[in-house]
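**Q** This is the structure, below, for whatever I ask next.
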Amino acid sequence: MIGTRGYPSYYGGFETAIRKLAPFLVNAGWDVTIYCRNGSTRLDDPEADARVQTRTTMGLETKSLSTLSYGLTSSVDASIRRPDVALVMNVANGFYLPLLRSRKVPSLVNVDGIEWERAKWSPQAKRVFRTGAKITAKWASSLVFDARAIESYWNENFGVGGHFIPYGGDVPPAMEVPQGLSHRGYVLVVARLVPENSVPEFFRAVPAIAEKYPVVIVGSAGYGGELDSAAAELVANHPTVSWLGHVSNDALLLSLWQHAGVYFHGHSVGGTNPALVQAMAAGAPVLARDTVYNREVLGQDGVFVSPDPQSIAKGVLQMMDDPSAREAAAESNLKRATEHYAWPDICGRYEESLRELIA
């Protein structure tokens, strides 16, 4: 497995998928090796499966070069070791697929979202992702799309198909309410603090929301920046606002989603978002930015809002003030998550796709 921060890691969606998939494959008889970045894994994690092998390679820890540099060293090492098949995450690693192909290593590539549309990247970085996507379309043995809309985009723009495999979610047991909060009594946002997640718009809506209800912000920019500073300023100016930064404690995240009054999901690009699926599985009432991806995941019973501060504040307060509608949304989300986004099914589809390539 190439292209994540490693195992076990709690950084993002790729890392969550790997934490679920690796033990599943081991239980099915596979020998699994995951390439890691130095310092990005929790080797003493009691939940880590000791049967999963890890290899740490060298790379540059910068915003623009980390994925490319670690992808290169991981791919070179894998080409030398020649596994039966490689699962590659992110089209930025598409540059190295010809190397794997030359060593007769078939590759299954999860293309992720449409990275070259993300506002956080510079024009040069966007060109890198777009070029990586073109190379991926040509050299990957097979592709994984985590949303039907992403699959359609690749079919129309690159003329290729693949496997639709979204992210999964775990339905947690009943958990204690996080300290200092009350069940259904607070508004929650969990996101990397970047513009395409509607974070600036949500932050401008926070003062109106915080007048009536506590607001909990989870996430950071990853490399510091204006939105981290804006979160700190909200905390300083509004006593009902709390900012937890990046949270790697799964139990805390699940309890925050399970007991939230409203979870605002503002992601605008990418496909099936792991945080959204997990929030649904935890039974959170969701108010989502109106995008084709969020509509695909939440379905016809989803509650959506346009990405401006006034609409966000109005939508959040309406849900918080209507307990019956809020609980109906929570029940609908949980039902949809268990029917369409269960991890055992997701992992089984990955294994089937990998076995097809070996065959």
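Labeling convention for the structure tokens: chains A, B, ... as they appear, residues from 1 per chain, ligands from 1 in order of appearance.
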If you count only C-alpha atoms, which residues fall within 9 Å of Asp301 of chain A, apart from same-chain ones fewer than 6 positions away, as an mmCIF file with N, CA and C atoms, in the first residue's frame?

**A**
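Okay, this is what ended up in result_30.cif:
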```cif
data_model
loop_
_atom_site.group_PDB
_atom_site.id
_atom_site.type_symbol
_atom_site.label_atom_id
_atom_site.label_comp_id
_atom_site.auth_asym_id
_atom_site.auth_seq_id
_atom_site.Cartn_x
_atom_site.Cartn_y
_atom_site.Cartn_z
ATOM 1 N N ALA A 329 -33.521 13.567 10.740
ATOM 2 C CA ALA A 329 -32.311 13.587 9.915
ATOM 3 C C ALA A 329 -31.270 12.607 10.451
ATOM 4 N N SER A 332 -32.328 9.017 9.542
ATOM 5 C CA SER A 332 -32.161 8.786 8.112
ATOM 6 C C SER A 332 -30.694 8.596 7.762
ATOM 7 N N ASN A 333 -29.824 9.419 8.351
ATOM 8 C CA ASN A 333 -28.392 9.313 8.076
ATOM 9 C C ASN A 333 -27.829 7.975 8.546
#
```

**Q** Residues within 9 Å of segment 186-192 of chain A, please, as a PyMOL selection string. Count only C-alpha atoms; anything in the same chain fewer than 3 positions from it doesn't count.

**A** chain A and resi 181-183+197+199+202+209-210+213-222+246+253+256-257+259-267+275+316+320

**Q** DSSP on the backbone, helix (DSSP H, G or I) only: what residues of segment 57-177 of chain A does that give? Format it as a PyMOL selection string.

**A** chain A and resi 66-81+91-102+115-117+123-139+148-158

**Q** Restricted to C-alpha atoms, what would the selected residues look like written as an mmCIF file, in the first residue's frame?

**A**
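Output file again.cif is given in full below:
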```
data_model
loop_
_atom_site.group_PDB
_atom_site.id
_atom_site.type_symbol
_atom_site.label_atom_id
_atom_site.label_comp_id
_atom_site.auth_asym_id
_atom_site.auth_seq_id
_atom_site.Cartn_x
_atom_site.Cartn_y
_atom_site.Cartn_z
ATOM 1 C CA SER A 66 5.728 15.419 0.861
ATOM 2 C CA THR A 67 3.349 13.310 -1.235
ATOM 3 C CA LEU A 68 5.599 13.371 -4.310
ATOM 4 C CA SER A 69 8.826 12.601 -2.454
ATOM 5 C CA TYR A 70 7.452 9.812 -0.277
ATOM 6 C CA GLY A 71 5.592 8.390 -3.248
ATOM 7 C CA LEU A 72 8.842 8.210 -5.186
ATOM 8 C CA THR A 73 10.836 6.425 -2.493
ATOM 9 C CA SER A 74 7.963 4.049 -1.698
ATOM 10 C CA SER A 75 7.472 3.178 -5.364
ATOM 11 C CA VAL A 76 11.180 2.583 -5.909
ATOM 12 C CA ASP A 77 11.300 0.260 -2.900
ATOM 13 C CA ALA A 78 8.141 -1.574 -4.019
ATOM 14 C CA SER A 79 9.515 -1.996 -7.539
ATOM 15 C CA ILE A 80 12.569 -3.693 -6.053
ATOM 16 C CA ARG A 81 10.512 -5.947 -3.764
ATOM 17 C CA VAL A 91 -2.979 10.516 -8.479
ATOM 18 C CA ALA A 92 0.116 12.460 -7.381
ATOM 19 C CA ASN A 93 1.729 9.023 -7.234
ATOM 20 C CA GLY A 94 0.714 8.377 -10.832
ATOM 21 C CA PHE A 95 4.141 9.626 -11.941
ATOM 22 C CA TYR A 96 5.649 6.420 -10.579
ATOM 23 C CA LEU A 97 3.192 3.919 -12.062
ATOM 24 C CA PRO A 98 5.384 3.307 -15.140
ATOM 25 C CA LEU A 99 8.108 2.157 -12.750
ATOM 26 C CA LEU A 100 5.775 -0.378 -11.138
ATOM 27 C CA ARG A 101 4.517 -1.482 -14.559
ATOM 28 C CA SER A 102 8.094 -2.034 -15.777
ATOM 29 C CA GLU A 115 -7.208 17.759 -6.475
ATOM 30 C CA TRP A 116 -6.497 20.285 -9.226
ATOM 31 C CA GLU A 117 -9.740 22.063 -8.296
ATOM 32 C CA PRO A 123 -1.263 26.857 -9.903
ATOM 33 C CA GLN A 124 1.933 24.823 -10.174
ATOM 34 C CA ALA A 125 0.659 22.190 -7.719
ATOM 35 C CA LYS A 126 -2.636 21.990 -9.606
ATOM 36 C CA ARG A 127 -0.727 21.313 -12.828
ATOM 37 C CA VAL A 128 1.206 18.559 -11.051
ATOM 38 C CA PHE A 129 -2.006 16.862 -9.911
ATOM 39 C CA ARG A 130 -3.613 17.207 -13.330
ATOM 40 C CA THR A 131 -0.545 15.707 -15.019
ATOM 41 C CA GLY A 132 -0.454 12.945 -12.432
ATOM 42 C CA ALA A 133 -4.088 12.164 -13.245
ATOM 43 C CA LYS A 134 -3.313 11.879 -16.967
ATOM 44 C CA ILE A 135 -0.422 9.527 -16.245
ATOM 45 C CA THR A 136 -2.604 7.537 -13.839
ATOM 46 C CA ALA A 137 -5.274 7.126 -16.504
ATOM 47 C CA LYS A 138 -2.667 5.719 -18.882
ATOM 48 C CA TRP A 139 -0.539 3.557 -16.590
ATOM 49 C CA ARG A 148 -20.183 8.036 -8.795
ATOM 50 C CA ALA A 149 -19.672 11.682 -9.688
ATOM 51 C CA ILE A 150 -15.880 11.183 -9.655
ATOM 52 C CA GLU A 151 -16.287 8.068 -11.811
ATOM 53 C CA SER A 152 -18.317 10.061 -14.350
ATOM 54 C CA TYR A 153 -15.705 12.836 -14.376
ATOM 55 C CA TRP A 154 -12.876 10.408 -15.145
ATOM 56 C CA ASN A 155 -14.897 8.662 -17.807
ATOM 57 C CA GLU A 156 -15.716 11.948 -19.540
ATOM 58 C CA ASN A 157 -12.309 13.624 -19.196
ATOM 59 C CA PHE A 158 -9.844 10.744 -19.349
#
```

**Q** Find the distance between atom CA of Gly225 of chain A and atom CA of Pro274 of chain A and write it in Å to one decimal.

**A**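 Going from atom CA of Gly225 of chain A over to atom CA of Pro274 of chain A covers 23.8 Å.
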
**Q** In segment 1-47 of chain A, what's strand (DSSP E) per DSSP? Answer as a short mmCIF file (atom, residue, chain, number, x, y, z; two decimals) with N, CA, C and O atoms, in the first residue's frame?

**A**
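As a result, out00.cif now contains:
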```cif
data_model
loop_
_atom_site.label_atom_id
_atom_site.label_comp_id
_atom_site.auth_asym_id
_atom_site.auth_seq_id
_atom_site.Cartn_x
_atom_site.Cartn_y
_atom_site.Cartn_z
N THR A 33 1.94 -5.07 3.31
CA THR A 33 2.99 -4.12 3.67
C THR A 33 2.50 -2.71 3.37
O THR A 33 2.02 -2.44 2.27
N ILE A 34 2.63 -1.82 4.34
CA ILE A 34 2.19 -0.43 4.17
C ILE A 34 3.41 0.47 4.26
O ILE A 34 4.19 0.41 5.22
N TYR A 35 3.60 1.33 3.26
CA TYR A 35 4.69 2.30 3.28
C TYR A 35 4.32 3.49 4.16
O TYR A 35 3.19 3.99 4.09
N CYS A 36 5.27 3.92 4.98
CA CYS A 36 5.01 4.95 5.99
C CYS A 36 5.94 6.14 5.82
O CYS A 36 7.05 6.01 5.28
N ARG A 37 5.47 7.28 6.31
CA ARG A 37 6.31 8.46 6.42
C ARG A 37 6.91 8.51 7.82
O ARG A 37 6.23 8.19 8.80
#
```

**Q** Separation of atom CA of Gly283 of chain A and atom CA of Ile114 of chain A, in Å?

**A**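 For atom CA of Gly283 of chain A relative to atom CA of Ile114 of chain A, the distance reads 28.2 Å.
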
**Q** Calculate how many Å separate atom CA of Gly162 of chain A from atom CA of Val144 of chain A, rounding to one decimal.

**A**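 If I compute the distance from atom CA of Gly162 of chain A to atom CA of Val144 of chain A, I get 5.8 Å.
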